[in-house]
>>> print(open('protein-v4.txt').read())   # compact mmCIF, C-alpha atoms and all ligand atoms
# COMPACT_ATOMS: atom_id res chain seq x y z
CA ARG A 19 0.00 0.00 0.00
CA PRO A 20 1.27 3.51 -0.78
CA THR A 21 2.17 5.94 1.99
CA LEU A 22 -0.68 8.45 2.15
CA PRO A 23 -0.16 12.17 2.87
CA PRO A 24 -0.68 13.14 6.53
CA GLY A 25 -4.36 13.45 7.42
CA VAL A 26 -5.62 11.04 4.74
CA ARG A 27 -7.27 7.90 6.18
CA HIS A 28 -8.25 5.13 3.76
CA LEU A 29 -10.69 2.59 5.24
CA PRO A 30 -10.89 -0.17 2.59
CA SER A 31 -14.13 -2.24 2.57
CA TYR A 32 -15.53 -0.20 5.46
CA LEU A 33 -19.12 -0.89 4.32
CA PRO A 34 -20.18 -4.54 3.99
CA GLN A 35 -22.08 -5.53 0.83
CA GLU A 36 -25.48 -5.31 2.52
CA ALA A 37 -24.77 -1.80 3.86
CA GLN A 38 -23.67 -0.76 0.35
CA GLU A 39 -26.96 -2.06 -1.09
CA THR A 40 -29.02 -0.25 1.57
CA LEU A 41 -27.09 2.98 1.01
CA LEU A 42 -27.46 2.68 -2.77
CA GLU A 43 -31.25 2.42 -2.39
CA ALA A 44 -31.24 5.54 -0.20
CA ILE A 45 -29.18 7.40 -2.84
CA ARG A 46 -31.52 6.24 -5.62
CA ALA A 47 -34.37 7.80 -3.59
CA VAL A 48 -32.36 11.05 -3.29
CA VAL A 49 -31.79 11.10 -7.06
CA ARG A 50 -35.53 10.60 -7.70
CA GLN A 51 -36.26 13.73 -5.64
CA ALA A 52 -33.22 15.71 -6.77
CA PRO A 53 -32.20 14.58 -10.28
CA LEU A 54 -28.57 14.49 -11.43
CA TYR A 55 -27.68 17.65 -13.35
CA VAL A 56 -24.77 18.68 -15.60
CA PRO A 57 -22.42 21.00 -13.72
CA ALA A 58 -20.56 23.68 -15.71
CA MET A 59 -17.29 25.45 -14.96
CA PRO A 60 -17.37 29.10 -13.92
CA ARG A 61 -16.87 31.67 -16.76
CA THR A 62 -16.05 29.13 -19.54
CA GLY A 63 -19.26 27.13 -19.12
CA LYS A 64 -17.36 23.95 -20.00
CA GLU A 65 -19.47 20.98 -18.87
CA MET A 66 -18.00 18.57 -16.36
CA SER A 67 -18.06 14.85 -17.22
CA VAL A 68 -19.39 13.98 -13.74
CA ARG A 69 -23.15 14.30 -13.08
CA MET A 70 -24.10 15.70 -9.66
CA THR A 71 -26.81 16.19 -7.10
CA ASN A 72 -26.88 16.70 -3.32
CA CYS A 73 -28.71 15.96 -0.13
CA GLY A 74 -28.58 17.90 3.12
CA ALA A 75 -29.36 21.48 4.15
CA LEU A 76 -26.81 22.79 1.63
CA GLY A 77 -25.59 21.47 -1.69
CA TRP A 78 -22.48 22.24 -3.73
CA VAL A 79 -23.33 23.49 -7.23
CA THR A 80 -21.56 25.17 -10.13
CA ASP A 81 -22.70 26.91 -13.28
CA GLN A 82 -21.21 29.30 -15.82
CA GLU A 83 -22.90 32.41 -14.46
CA ARG A 84 -22.50 32.08 -10.69
CA GLY A 85 -19.60 29.64 -10.29
CA TYR A 86 -18.87 27.34 -7.34
CA ARG A 87 -21.09 27.76 -4.28
CA TYR A 88 -23.29 26.11 -1.67
CA GLN A 89 -27.03 26.73 -1.86
CA PRO A 90 -30.16 25.28 -0.19
CA MET A 91 -31.94 24.26 -3.39
CA HIS A 92 -31.49 22.23 -6.56
CA PRO A 93 -30.31 24.49 -9.41
CA VAL A 94 -32.81 23.07 -11.95
CA THR A 95 -35.93 22.13 -9.95
CA ARG A 96 -35.40 24.92 -7.34
CA GLU A 97 -36.66 22.43 -4.69
CA PRO A 98 -34.86 22.07 -1.35
CA TRP A 99 -32.36 19.21 -1.26
CA PRO A 100 -33.65 15.98 0.34
CA PRO A 101 -32.24 15.11 3.78
CA ILE A 102 -29.00 13.20 4.25
CA PRO A 103 -29.84 9.49 4.78
CA GLU A 104 -29.50 8.29 8.39
CA ALA A 105 -26.90 5.69 7.42
CA LEU A 106 -24.58 8.50 6.25
CA LEU A 107 -25.14 10.59 9.38
CA ARG A 108 -24.14 7.52 11.43
CA LEU A 109 -21.08 6.91 9.26
CA TRP A 110 -19.95 10.52 9.85
CA GLN A 111 -20.36 10.03 13.61
CA GLU A 112 -18.22 6.90 13.42
CA VAL A 113 -15.31 8.25 11.40
CA ALA A 114 -15.21 12.06 11.28
CA ASP A 115 -13.86 12.79 14.77
CA TYR A 116 -15.80 16.08 14.62
CA PRO A 117 -18.60 16.90 17.10
CA HIS A 118 -21.19 18.40 14.72
CA PRO A 119 -23.19 16.83 11.90
CA PRO A 120 -22.45 17.28 8.20
CA GLN A 121 -24.54 19.86 6.32
CA ALA A 122 -23.92 18.77 2.74
CA CYS A 123 -23.63 15.49 0.90
CA LEU A 124 -22.49 15.86 -2.70
CA VAL A 125 -23.43 12.92 -4.93
CA ASN A 126 -21.07 12.47 -7.90
CA PHE A 127 -21.95 10.00 -10.66
CA TYR A 128 -19.17 8.86 -13.01
CA THR A 129 -19.78 6.99 -16.26
CA ALA A 130 -16.94 4.84 -17.63
CA ASP A 131 -15.27 7.82 -19.34
CA ALA A 132 -15.78 10.47 -16.65
CA LYS A 133 -12.92 12.02 -14.64
CA MET A 134 -12.34 14.83 -12.21
CA GLY A 135 -9.28 17.05 -12.60
CA GLN A 136 -6.97 17.90 -9.72
CA HIS A 137 -8.51 20.56 -7.47
CA GLN A 138 -8.82 21.73 -3.88
CA ASP A 139 -12.11 21.77 -1.94
CA ARG A 140 -12.18 25.27 -0.54
CA ASP A 141 -15.73 26.52 -0.89
CA GLU A 142 -16.52 25.61 2.73
CA ARG A 143 -15.98 27.97 5.66
CA GLU A 144 -15.22 25.26 8.24
CA PHE A 145 -11.85 23.63 7.47
CA ALA A 146 -11.63 22.13 10.97
CA ALA A 147 -14.12 19.47 9.82
CA PRO A 148 -12.90 16.66 7.58
CA VAL A 149 -14.44 15.60 4.27
CA VAL A 150 -15.72 12.02 4.41
CA SER A 151 -16.01 10.18 1.08
CA VAL A 152 -17.83 6.91 0.31
CA SER A 153 -17.31 5.02 -2.97
CA LEU A 154 -20.00 2.80 -4.55
CA GLY A 155 -19.85 0.84 -7.80
CA ASP A 156 -16.88 0.61 -10.14
CA ASP A 157 -13.32 1.10 -8.90
CA CYS A 158 -11.49 4.32 -9.70
CA LEU A 159 -7.93 5.62 -9.70
CA PHE A 160 -7.85 8.45 -7.17
CA ARG A 161 -4.82 10.75 -6.85
CA VAL A 162 -3.99 13.04 -3.93
CA GLY A 163 -1.05 15.40 -3.33
CA GLY A 164 -0.23 18.27 -1.03
CA THR A 165 -1.55 21.78 -0.61
CA ARG A 166 0.45 23.04 -3.63
CA ARG A 167 -0.46 21.91 -7.13
CA THR A 168 3.19 20.95 -7.77
CA ASP A 169 3.54 18.73 -4.67
CA LYS A 170 4.26 15.01 -5.18
CA THR A 171 1.08 12.92 -5.56
CA VAL A 172 0.14 9.34 -4.68
CA SER A 173 -2.43 7.23 -6.53
CA LEU A 174 -4.89 4.96 -4.82
CA ARG A 175 -7.48 2.55 -6.20
CA LEU A 176 -10.82 3.23 -4.51
CA CYS A 177 -13.32 0.35 -4.48
CA SER A 178 -17.01 0.01 -3.65
CA GLY A 179 -17.50 0.25 0.11
CA ASP A 180 -14.27 2.13 0.74
CA VAL A 181 -14.36 5.21 2.97
CA LEU A 182 -11.82 8.02 2.82
CA VAL A 183 -11.45 10.63 5.57
CA LEU A 184 -9.63 13.83 4.60
CA GLY A 185 -8.81 15.85 7.64
CA GLY A 186 -6.08 17.92 9.22
CA GLU A 187 -3.25 18.71 6.83
CA SER A 188 -4.97 16.91 3.96
CA ARG A 189 -8.16 18.97 4.12
CA LEU A 190 -6.77 21.42 1.55
CA ALA A 191 -4.82 18.87 -0.49
CA PHE A 192 -5.11 18.75 -4.29
CA HIS A 193 -6.95 15.62 -5.44
CA GLY A 194 -8.86 14.18 -8.37
CA VAL A 195 -10.10 11.07 -10.16
CA ASP A 196 -7.91 10.03 -13.11
CA ARG A 197 -9.99 7.12 -14.38
CA ILE A 198 -12.84 4.70 -13.79
CA TYR A 199 -12.37 0.94 -14.20
CA PRO A 200 -15.68 -0.14 -15.82
CA GLY A 201 -17.03 -3.59 -15.04
CA THR A 202 -15.20 -3.94 -11.72
CA SER A 203 -18.33 -3.92 -9.50
CA MET A 204 -21.72 -5.63 -9.69
CA LEU A 205 -23.37 -3.21 -7.23
CA LEU A 206 -24.97 -0.80 -9.73
CA LYS A 207 -25.82 -3.55 -12.27
CA SER A 208 -24.35 -1.25 -14.93
CA ASP A 209 -21.03 0.51 -15.44
CA GLY A 210 -20.40 3.59 -13.36
CA ARG A 211 -19.25 4.89 -10.02
CA ILE A 212 -20.98 6.92 -7.32
CA ASN A 213 -19.02 8.99 -4.83
CA LEU A 214 -20.64 10.59 -1.81
CA THR A 215 -18.83 13.37 0.05
CA LEU A 216 -20.06 14.53 3.42
CA ARG A 217 -19.08 18.04 4.45
CA ARG A 218 -19.51 20.64 7.13
CA VAL A 219 -19.92 23.99 5.32
CA THR A 220 -20.34 26.62 8.07
CA ALA A 221 -18.75 26.94 11.49
CA PRO A 222 -20.97 25.43 14.19
C1 LIG B 301 -8.94 15.12 -0.54
N1 LIG B 301 -14.68 13.95 -5.35
O1 LIG B 301 -16.42 15.93 -4.89
S1 LIG B 301 -13.65 11.90 -3.18
C2 LIG B 301 -15.21 16.22 -4.82
O2 LIG B 301 -14.28 10.58 -6.06
C3 LIG B 301 -14.22 15.16 -5.11
O3 LIG B 301 -15.82 11.99 -6.57
C4 LIG B 301 -13.82 12.85 -5.72
O4 LIG B 301 -13.07 15.44 -5.12
C5 LIG B 301 -14.71 11.71 -6.13
O5 LIG B 301 -14.79 17.33 -4.49
C6 LIG B 301 -12.90 12.48 -4.65
C7 LIG B 301 -12.30 11.99 -2.06
C8 LIG B 301 -11.95 13.36 -1.59
C9 LIG B 301 -12.90 14.30 -1.31
C10 LIG B 301 -12.54 15.52 -0.78
C11 LIG B 301 -11.22 15.80 -0.52
C12 LIG B 301 -10.64 13.64 -1.35
C13 LIG B 301 -10.25 14.85 -0.82
C14 LIG B 301 -10.82 17.01 0.06
C15 LIG B 301 -9.51 17.25 0.35
C16 LIG B 301 -8.56 16.30 0.04
FE FE B 302 -12.79 17.40 -4.22
>>> encode(input="protein-v4.txt", output="structure tokens")
Amino acid sequence: RPTLPPGVRHLPSYLPQEAQETLLEAIRAVVRQAPLYVPAMPRTGKEMSVRMTNCGALGWVTDQERGYRYQPMHPVTREPWPPIPEALLRLWQEVADYPHPPQACLVNFYTADAKMGQHQDRDEREFAAPVVSVSLGDDCLFRVGGTRRTDKTVSLRLCSGDVLVLGGESRLAFHGVDRIYPGTSMLLKSDGRINLTLRRVTAP
């Protein structure tokens, strides 16, 4: 196993198969209420390859006109985001080592050819809280570095049921998804990967 940057905790196979199936059903219910939409980059309007939605009091969204931000409603339907499923609130309590609940859960859906370029997550105001990530479906090649774009990076294969906790020094690390490995999981019954990221947005 590679040596991870300080503050990155990888918990392989944290969720058993049955818990993955239960969580997937809860996320399918979220997506029925808050459909996946096509996020666009600020200014250029270039569409991302990942499809997104959210649950929780706040959701992370991006479009050409208003850029990256958190807001309490879906950008297309204008409805409030559905609540974060109980199973995810419990997971946060188990692994986050932070005494307040998450406010946002970003749902990222990757098809076989989708990727996410290297970036920092810095649209939150509370950096004392970690980001907790859950992977479902196909494996991916995840890459994380340091707080400068030019810092050395390490690559990690993330599999269905894995949990990643990004806290402390790693909270502002550059990271991204270089590729999806289609056909590596039976969970979704089709190619693709779902990533859930739980976040605290505001100071408590
Ligand atoms: C490291 N998502 O939504 S999750 C994102 O797999 C995002 O969909 C990726 O990056 C995905 O912003 C990676 C793992 C992750 C999430 C947040 C981090 C790693 C992180 C924040 C800081 C450092
Ligand atoms: Fe990120």
>>> atom_distance(input="protein-v4.txt", atom1="atom CA of A:Leu42", atom2="atom CA of A:Met59")
27.8 Å
>>> residues_near_ligand(input="protein-v4.txt", ligand="ligand LIG 301 (chain B)", cutoff="7 Å", atoms="all atoms listed in the file", output="ChimeraX atom specification")
/A:124,126,134,138-139,149-151,160,162,182,184,188-195,213-215
>>> write_last_selection(input="protein-v4.txt", atoms="C-alpha atoms", output="PDB file, in the frame of the given file")
ATOM      1  CA  LEU A 124     -22.490  15.860  -2.700  1.00  0.00           C
ATOM      2  CA  ASN A 126     -21.070  12.470  -7.900  1.00  0.00           C
ATOM      3  CA  MET A 134     -12.340  14.830 -12.210  1.00  0.00           C
ATOM      4  CA  GLN A 138      -8.820  21.730  -3.880  1.00  0.00           C
ATOM      5  CA  ASP A 139     -12.110  21.770  -1.940  1.00  0.00           C
ATOM      6  CA  VAL A 149     -14.440  15.600   4.270  1.00  0.00           C
ATOM      7  CA  VAL A 150     -15.720  12.020   4.410  1.00  0.00           C
ATOM      8  CA  SER A 151     -16.010  10.180   1.080  1.00  0.00           C
ATOM      9  CA  PHE A 160      -7.850   8.450  -7.170  1.00  0.00           C
ATOM     10  CA  VAL A 162      -3.990  13.040  -3.930  1.00  0.00           C
ATOM     11  CA  LEU A 182     -11.820   8.020   2.820  1.00  0.00           C
ATOM     12  CA  LEU A 184      -9.630  13.830   4.600  1.00  0.00           C
ATOM     13  CA  SER A 188      -4.970  16.910   3.960  1.00  0.00           C
ATOM     14  CA  ARG A 189      -8.160  18.970   4.120  1.00  0.00           C
ATOM     15  CA  LEU A 190      -6.770  21.420   1.550  1.00  0.00           C
ATOM     16  CA  ALA A 191      -4.820  18.870  -0.490  1.00  0.00           C
ATOM     17  CA  PHE A 192      -5.110  18.750  -4.290  1.00  0.00           C
ATOM     18  CA  HIS A 193      -6.950  15.620  -5.440  1.00  0.00           C
ATOM     19  CA  GLY A 194      -8.860  14.180  -8.370  1.00  0.00           C
ATOM     20  CA  VAL A 195     -10.100  11.070 -10.160  1.00  0.00           C
ATOM     21  CA  ASN A 213     -19.020   8.990  -4.830  1.00  0.00           C
ATOM     22  CA  LEU A 214     -20.640  10.590  -1.810  1.00  0.00           C
ATOM     23  CA  THR A 215     -18.830  13.370   0.050  1.00  0.00           C
TER      24      THR A 215
END
>>> closest_atom_pairs(input="protein-v4.txt", of="stretch 152-187 of chain A", to="stretch 99-114 of chain A", cutoff="12 Å", atoms="only C-alpha atoms", output="CSV")
residue,atom,partner,partner_atom,distance
A:Val152,CA,A:Leu106,CA,9.1
A:Gly179,CA,A:Leu109,CA,11.9
A:Asp180,CA,A:Leu109,CA,11.9
A:Val181,CA,A:Val113,CA,9.0
A:Leu182,CA,A:Val113,CA,9.3
A:Val183,CA,A:Ala114,CA,7.0
A:Leu184,CA,A:Ala114,CA,8.9
A:Gly185,CA,A:Ala114,CA,8.3
A:Gly186,CA,A:Ala114,CA,11.0
>>> atom_distance(input="protein-v4.txt", atom1="atom CA of A:Trp78", atom2="atom CA of A:Arg211")
18.7 Å
>>> atom_distance(input="protein-v4.txt", atom1="atom CA of A:Ser173", atom2="atom CA of A:Pro34")
23.8 Å
>>> residues_around(input="protein-v4.txt", residues="A:Thr21", least_positions_apart="2", cutoff="12 Å", atoms="all atoms listed in the file", output="list in words")
Arg19, Pro23, Pro24, Gly25, Val26, Arg27, His28, Val162, Gly163, Lys170, Thr171, Val172, Ser173 and Leu174 of chain A
>>> closest_residue(input="protein-v4.txt", among="A:Leu216, A:Val49, A:Cys158, A:Cys177", to="ligand FE 302 (chain B)", atoms="all atoms listed in the file")
A:Leu216
>>> closest_residue(input="protein-v4.txt", among="A:Arg175, A:Arg166, A:His137, A:His92", to="ligand FE 302 (chain B)", atoms="all atoms listed in the file")
A:His137
>>> closest_residue(input="protein-v4.txt", among="A:Lys207, A:Arg161, A:Arg96, A:Arg46", to="ligand FE 302 (chain B)", atoms="all atoms listed in the file")
A:Arg161
>>> residues_around(input="protein-v4.txt", residues="stretch 128-133 of chain A", least_positions_apart="4", cutoff="10 Å", atoms="only C-alpha atoms", output="VMD selection string")
chain A and resid 66 to 70 155 to 156 158 to 160 194 to 201 208 to 213
>>> residues_near_point(input="protein-v4.txt", point="(-18.5, 26.6, 5.9)", cutoff="7 Å", atoms="all atoms listed in the file", output="ChimeraX atom specification")
/A:142-144,218-221
>>> axis_aligned_box(input="protein-v4.txt", around="stretch 185-199 of chain A", padding_each_side="5 Å", output="AutoDock Vina command-line options")
--center_x -8.0 --center_y 11.2 --center_z -2.6 --size_x 19.6 --size_y 30.5 --size_z 33.6
>>> closest_residue(input="protein-v4.txt", among="A:Asn72, A:Gln89, A:Gln136, A:Gln121", to="ligand FE 302 (chain B)", atoms="all atoms listed in the file")
A:Gln136
>>> closest_residue(input="protein-v4.txt", among="A:Asp81, A:Glu97, A:Glu43, A:Asp141", to="ligand FE 302 (chain B)", atoms="all atoms listed in the file")
A:Asp141
>>> closest_residue(input="protein-v4.txt", among="A:Tyr55, A:Ala47, A:Pro119, A:Leu22", to="A:Gly164", atoms="only C-alpha atoms")
A:Leu22
>>> decode(input="protein-v4.txt", residues="stretch 22-55 of chain A", atoms="C-alpha atoms", output="PDB file, in the first residue's frame")
ATOM      1  CA  LEU A  22      -0.679   8.453   2.152  1.00  0.00           C
ATOM      2  CA  PRO A  23      -0.158  12.165   2.865  1.00  0.00           C
ATOM      3  CA  PRO A  24      -0.679  13.143   6.531  1.00  0.00           C
ATOM      4  CA  GLY A  25      -4.356  13.454   7.424  1.00  0.00           C
ATOM      5  CA  VAL A  26      -5.620  11.038   4.739  1.00  0.00           C
ATOM      6  CA  ARG A  27      -7.269   7.900   6.177  1.00  0.00           C
ATOM      7  CA  HIS A  28      -8.252   5.134   3.765  1.00  0.00           C
ATOM      8  CA  LEU A  29     -10.692   2.594   5.244  1.00  0.00           C
ATOM      9  CA  PRO A  30     -10.886  -0.174   2.594  1.00  0.00           C
ATOM     10  CA  SER A  31     -14.135  -2.238   2.565  1.00  0.00           C
ATOM     11  CA  TYR A  32     -15.534  -0.196   5.460  1.00  0.00           C
ATOM     12  CA  LEU A  33     -19.116  -0.893   4.322  1.00  0.00           C
ATOM     13  CA  PRO A  34     -20.181  -4.542   3.987  1.00  0.00           C
ATOM     14  CA  GLN A  35     -22.084  -5.530   0.831  1.00  0.00           C
ATOM     15  CA  GLU A  36     -25.482  -5.307   2.519  1.00  0.00           C
ATOM     16  CA  ALA A  37     -24.775  -1.803   3.857  1.00  0.00           C
ATOM     17  CA  GLN A  38     -23.673  -0.762   0.353  1.00  0.00           C
ATOM     18  CA  GLU A  39     -26.964  -2.064  -1.093  1.00  0.00           C
ATOM     19  CA  THR A  40     -29.023  -0.251   1.565  1.00  0.00           C
ATOM     20  CA  LEU A  41     -27.087   2.980   1.013  1.00  0.00           C
ATOM     21  CA  LEU A  42     -27.462   2.681  -2.767  1.00  0.00           C
ATOM     22  CA  GLU A  43     -31.254   2.423  -2.389  1.00  0.00           C
ATOM     23  CA  ALA A  44     -31.240   5.544  -0.205  1.00  0.00           C
ATOM     24  CA  ILE A  45     -29.184   7.402  -2.843  1.00  0.00           C
ATOM     25  CA  ARG A  46     -31.522   6.241  -5.615  1.00  0.00           C
ATOM     26  CA  ALA A  47     -34.368   7.803  -3.585  1.00  0.00           C
ATOM     27  CA  VAL A  48     -32.356  11.046  -3.287  1.00  0.00           C
ATOM     28  CA  VAL A  49     -31.791  11.103  -7.064  1.00  0.00           C
ATOM     29  CA  ARG A  50     -35.527  10.596  -7.703  1.00  0.00           C
ATOM     30  CA  GLN A  51     -36.258  13.728  -5.643  1.00  0.00           C
ATOM     31  CA  ALA A  52     -33.217  15.708  -6.774  1.00  0.00           C
ATOM     32  CA  PRO A  53     -32.201  14.582 -10.283  1.00  0.00           C
ATOM     33  CA  LEU A  54     -28.568  14.492 -11.428  1.00  0.00           C
ATOM     34  CA  TYR A  55     -27.678  17.652 -13.350  1.00  0.00           C
TER      35      TYR A  55
END
